[in-house]
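The block underneath contains the structure these notes are about, expressed in structure tokens.
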Amino acid sequence: MTVRAGIIGTALAVAALALPSPAAAQRLVSSLSTHQVRVTSNYTGADLVLFGTVEPTDTAPLRPPGSYDIAITVSGPRETMVTRRKGRVLGVWANVESRQFINVPSYLAVVTTRPVGAIAPREELLRHQIGLNNTVLTQRIGTDFADVVPTDPFRRAFMRIKQEQGLYSERPNAVTFLSPSLFRADIPLPAQVIFGSYDVEVELFADGRLLARDQGKLDVRKDGFEEFVARSAREHSLLYGLAAMTMALMVGWLSSVIFRRD
Amino acid sequence: MQIYLPIAELPVNIFVIFAMGLAVGFISGMFGIGGGFLMTPLLIFLGIAPAVAVASVTGHIAASSFSGALSYLRRKAIDLQLAGMLLTGGIVGTALGVALFTLLRNLGQLDLTIGLSYVTLLGVVGVLMISESIRAIMRGRQGRPTTLRRPGAHNWIHGLPLKMRFKRSRMYISVIPVWAIGIFIGFVGAVLGIGGGFVLVPMLIYFLRVPTATVIGTSMVLTLVTMASAMVMHAVTNHLVDAVLALILMVGGGIGAQFGARAGQNMRAERLRFLLGLLVLAVGLRFAYDLVVAPDDLFSVRILEPLL
């Protein structure tokens, strides 16, 4: 199933936000193909499409093609994760060391026109947290809370595993300009998606400086039967457990009746 | 056909799960066991979180043991009194097991504990079964009768106090070892996601001298109640029972068990025990391999759940 719904018509109708400085007055308008991803029984991942335009204003006319850079950051609901490292203990492999990553995005996709490092100087990227290596991941180290250098083994392992799960991704050259002002980008959602509210941040750069930004929201939720089952399991857990048990007994009884031989 | 599992939160191929249910059901029908010790590892191998696998397999075992228990009930091959006493212990054991399960999951040592317990339990039971069945096969070859023990034989367990008469099994024994066995089975069942039938049947035969006529039916009643209550407890404490997954498994398992039972009837009992022993040992060795050989990835990432 794809969520490539035909909402592109309305895509350009959303108003732009935040103009960093009057000198760089440039408007950025963007919209996702859908604002709600519904996970039903046939969900196996989804592809979101983001469209946007750079709007010239009186003080800032449109620049020639190739001078703009777009960075799109989609971040999922925040959660606290534990990264554990295995080591050999008495001949067997067991978890020996762990770090907590406090309130980090469960999903993080960075989609850009060029490799992140080529868009702007590192300080600028760090300030706006653009790119996986420039995103703050707060760790609890003993009693301290701090982010660590990108080469920290736990941070690297965390990044790697999240990337393998399809939950973190950095895709340069994935934003394409269809015209000097219109761009589009594909944002994949993995099969093992995290539910909740996602933030979509679109940033416009030129000459290594942030010119404009636009924000959006995306909601990922279970729907229909899946939503019903999951909510029952959470909110009416005793009833759910009893119902599941009754179901098991029914199936057992049925198979003993259908295949009865004596 | 892919189907999205609402609690496991990942899409799986419905036919793969169904085929696993069939295969495990076949084996369980053939040997008269629940098959949880095969099903749980298979689900984990498919990428389902161990906790969800353990919690959901309880439903599959409850279904297959209920269908088995019903047919034994029709043949009056169940000692309900003995089952009741085992259950008293079983429920206590299950509650302890679910509590430990929750605690270990938060400590990040659940996988290790499940791995180590599987290795120990399956290794010991597998070796015992294989050596016992080989001796039985050898005795059969030499033309000697295959009766294991004299019916009146007693051991120290029969000297314990609190004695009780179990009419259908024709036994007069203390309830203390009965409770102890019940607690043990309930406990390992909840922690490992296994019904424990393949451990319970030998324990009942060797420790309590339960006659073979009633032992399997009685063990199925115990398995049924411990697994059904483990399912409810897992649902209440950890919210991890995936009813959709459990349903696919139990339908496949129910069908497979019927064919397995037919295949098993054509085999000699000690041959069956030998094969089951090999199977149990093989699964145990598989877990040992994972524990001893350096893992591909030393790191793992999990969501931190608030301590209950």
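In the structure tokens, chains take the letters A, B, ... in the order shown, each chain's residues start at 1, and ligands count up from 1 in the order shown.
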
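Omitting Leu121 in chain B and its sequence neighbours fewer than 3 positions away, and counting only C-alpha atoms, the residues within 10 Å are Leu116, Ser117, Tyr118, Val124, Val125, Gly126, Val188, Val199, Val280, Leu281 and Gly284 of chain B.
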
Saved selection, atoms kept: C-alpha atoms, as an mmCIF file, in the first residue's frame:
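Below is the file result_9.cif, written as the result:
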```
data_model
loop_
_atom_site.group_PDB
_atom_site.id
_atom_site.type_symbol
_atom_site.label_atom_id
_atom_site.label_comp_id
_atom_site.auth_asym_id
_atom_site.auth_seq_id
_atom_site.Cartn_x
_atom_site.Cartn_y
_atom_site.Cartn_z
ATOM 1 C CA LEU B 116 20.311 -19.998 29.459
ATOM 2 C CA SER B 117 17.114 -21.587 30.726
ATOM 3 C CA TYR B 118 16.403 -23.168 27.361
ATOM 4 C CA VAL B 124 19.050 -32.001 30.560
ATOM 5 C CA VAL B 125 15.638 -33.257 29.442
ATOM 6 C CA GLY B 126 16.922 -34.150 25.963
ATOM 7 C CA VAL B 188 9.077 -22.130 33.544
ATOM 8 C CA VAL B 199 9.088 -31.865 31.277
ATOM 9 C CA VAL B 280 14.618 -31.284 22.447
ATOM 10 C CA LEU B 281 18.402 -31.597 22.566
ATOM 11 C CA GLY B 284 18.819 -26.721 23.347
#
```

Tell me, counting only C-alpha atoms, for each residue of chain B within 8 Å of chain A, which pair of atoms is nearest and how far apart they are in Å to one decimal, in rows ordered by chain and increasing number, as CSV.
```
residue,atom,partner,partner_atom,distance
B:Gln2,CA,A:Asn42,CA,6.3
B:Ile3,CA,A:Ser41,CA,5.2
B:Tyr4,CA,A:Ser41,CA,4.6
B:Leu5,CA,A:Ser41,CA,7.2
B:Pro6,CA,A:Glu226,CA,5.0
B:Ile7,CA,A:Ala230,CA,6.0
B:Glu9,CA,A:Gln192,CA,6.2
B:Leu10,CA,A:Gln192,CA,5.0
B:Pro11,CA,A:Thr44,CA,5.9
B:Gly59,CA,A:Ala248,CA,5.6
B:His60,CA,A:Ala248,CA,6.8
B:Ala62,CA,A:Ala248,CA,6.2
B:Ala63,CA,A:Gly252,CA,4.2
B:Ser64,CA,A:Gly252,CA,5.6
B:Ser65,CA,A:Gly252,CA,7.3
B:Phe66,CA,A:Gly252,CA,5.2
B:Ser67,CA,A:Gly252,CA,4.4
B:Gly68,CA,A:Ser256,CA,7.2
B:Leu70,CA,A:Ser256,CA,7.0
B:Ser71,CA,A:Ser256,CA,6.9
B:Gly108,CA,A:Asn95,CA,7.2
B:Gln109,CA,A:Asn95,CA,6.9
B:Leu112,CA,A:Ala94,CA,6.2
B:Ala228,CA,A:Met245,CA,5.8
B:Met231,CA,A:Gly241,CA,6.4
B:Val232,CA,A:Gly241,CA,4.2
B:Met233,CA,A:Gly241,CA,7.4
B:His234,CA,A:Gly241,CA,7.8
B:Ala235,CA,A:Gly241,CA,5.0
B:Val236,CA,A:Ser237,CA,4.8
B:His239,CA,A:Ala233,CA,5.7
B:Leu240,CA,A:Ala233,CA,7.8
B:Val241,CA,A:Gly241,CA,7.6
B:Ala243,CA,A:Ala244,CA,6.0
B:Leu247,CA,A:Ala248,CA,7.3
B:Met250,CA,A:Val251,CA,7.0
B:Val251,CA,A:Val251,CA,6.7
B:Gly254,CA,A:Ser255,CA,5.7
B:Ile255,CA,A:Ser255,CA,7.0
B:Gln258,CA,A:Phe259,CA,6.9
B:Leu291,CA,A:Val92,CA,5.1
B:Val292,CA,A:Val92,CA,4.9
B:Val293,CA,A:Trp93,CA,7.8
B:Ala294,CA,A:Trp93,CA,7.0
B:Pro295,CA,A:Trp93,CA,7.7
B:Leu298,CA,A:Lys86,CA,4.9
B:Phe299,CA,A:Arg85,CA,4.5
B:Ser300,CA,A:Arg84,CA,5.2
B:Val301,CA,A:Thr83,CA,4.4
B:Arg302,CA,A:Val82,CA,5.3
B:Ile303,CA,A:Met81,CA,4.3
B:Leu304,CA,A:Met81,CA,5.1
```

So which bits of range 62-241 of chain B end up helix (DSSP H, G or I) when you DSSP the backbone, as a PyMOL selection string?
-> chain B and resi 62-74+80-107+110-141+156-159+175-192+197-208+212-238

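Those residues that approach Ala120 in chain A to within 8 Å, counting only C-alpha atoms, are Val116, Glu124, Leu125, Phe205, Asp207, Gly208 and Arg209 of chain A; same-chain residues fewer than 4 positions away are not listed.
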
Saved selection, atoms kept: all heavy atoms, as a compact mmCIF listing (two decimals), in the first residue's frame:
```
# COMPACT_ATOMS: atom_id res chain seq x y z
N VAL A 116 24.76 16.56 3.55
CA VAL A 116 24.49 17.56 4.59
C VAL A 116 25.67 18.51 4.79
O VAL A 116 25.50 19.73 4.87
CB VAL A 116 24.12 16.85 5.90
CG1 VAL A 116 24.06 17.83 7.04
CG2 VAL A 116 22.79 16.15 5.74
N GLU A 124 26.34 26.02 11.78
CA GLU A 124 24.98 26.32 11.33
C GLU A 124 24.11 25.05 11.37
O GLU A 124 22.97 25.07 11.84
CB GLU A 124 25.07 26.87 9.90
CG GLU A 124 23.77 27.35 9.33
CD GLU A 124 23.41 28.78 9.75
OE1 GLU A 124 24.12 29.33 10.62
OE2 GLU A 124 22.43 29.32 9.21
N LEU A 125 24.70 23.93 10.92
CA LEU A 125 23.96 22.67 10.91
C LEU A 125 23.65 22.21 12.34
O LEU A 125 22.57 21.73 12.63
CB LEU A 125 24.77 21.59 10.18
CG LEU A 125 25.01 21.83 8.69
CD1 LEU A 125 25.98 20.80 8.15
CD2 LEU A 125 23.70 21.78 7.91
N PHE A 205 18.16 26.70 2.36
CA PHE A 205 19.49 27.28 2.51
C PHE A 205 19.96 27.85 1.17
O PHE A 205 19.59 27.33 0.11
CB PHE A 205 20.50 26.20 2.92
CG PHE A 205 20.43 25.81 4.36
CD1 PHE A 205 19.58 24.79 4.77
CD2 PHE A 205 21.21 26.46 5.31
CE1 PHE A 205 19.51 24.43 6.10
CE2 PHE A 205 21.15 26.09 6.64
CZ PHE A 205 20.30 25.07 7.04
N ASP A 207 23.88 29.68 -0.07
CA ASP A 207 25.20 30.17 0.33
C ASP A 207 25.53 29.81 1.78
O ASP A 207 26.12 30.61 2.52
CB ASP A 207 25.29 31.70 0.18
CG ASP A 207 24.95 32.12 -1.24
OD1 ASP A 207 25.26 31.31 -2.15
OD2 ASP A 207 24.38 33.20 -1.42
N GLY A 208 25.10 28.64 2.23
CA GLY A 208 25.44 28.22 3.58
C GLY A 208 24.65 28.94 4.67
O GLY A 208 25.00 28.85 5.84
N ARG A 209 23.60 29.66 4.30
CA ARG A 209 22.80 30.36 5.31
C ARG A 209 21.35 29.92 5.23
O ARG A 209 20.82 29.65 4.15
CB ARG A 209 22.91 31.87 5.11
CG ARG A 209 24.19 32.46 5.67
CD ARG A 209 24.30 33.94 5.36
NE ARG A 209 23.17 34.70 5.79
CZ ARG A 209 22.42 35.45 4.97
NH1 ARG A 209 22.70 35.49 3.68
NH2 ARG A 209 21.40 36.14 5.44
```

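When only C-alpha atoms are used to measure the gap to Val29 in chain A, the shortest distance among A:Pro150, A:Gly224, A:Gly216, A:Pro105 belongs to A:Gly216.
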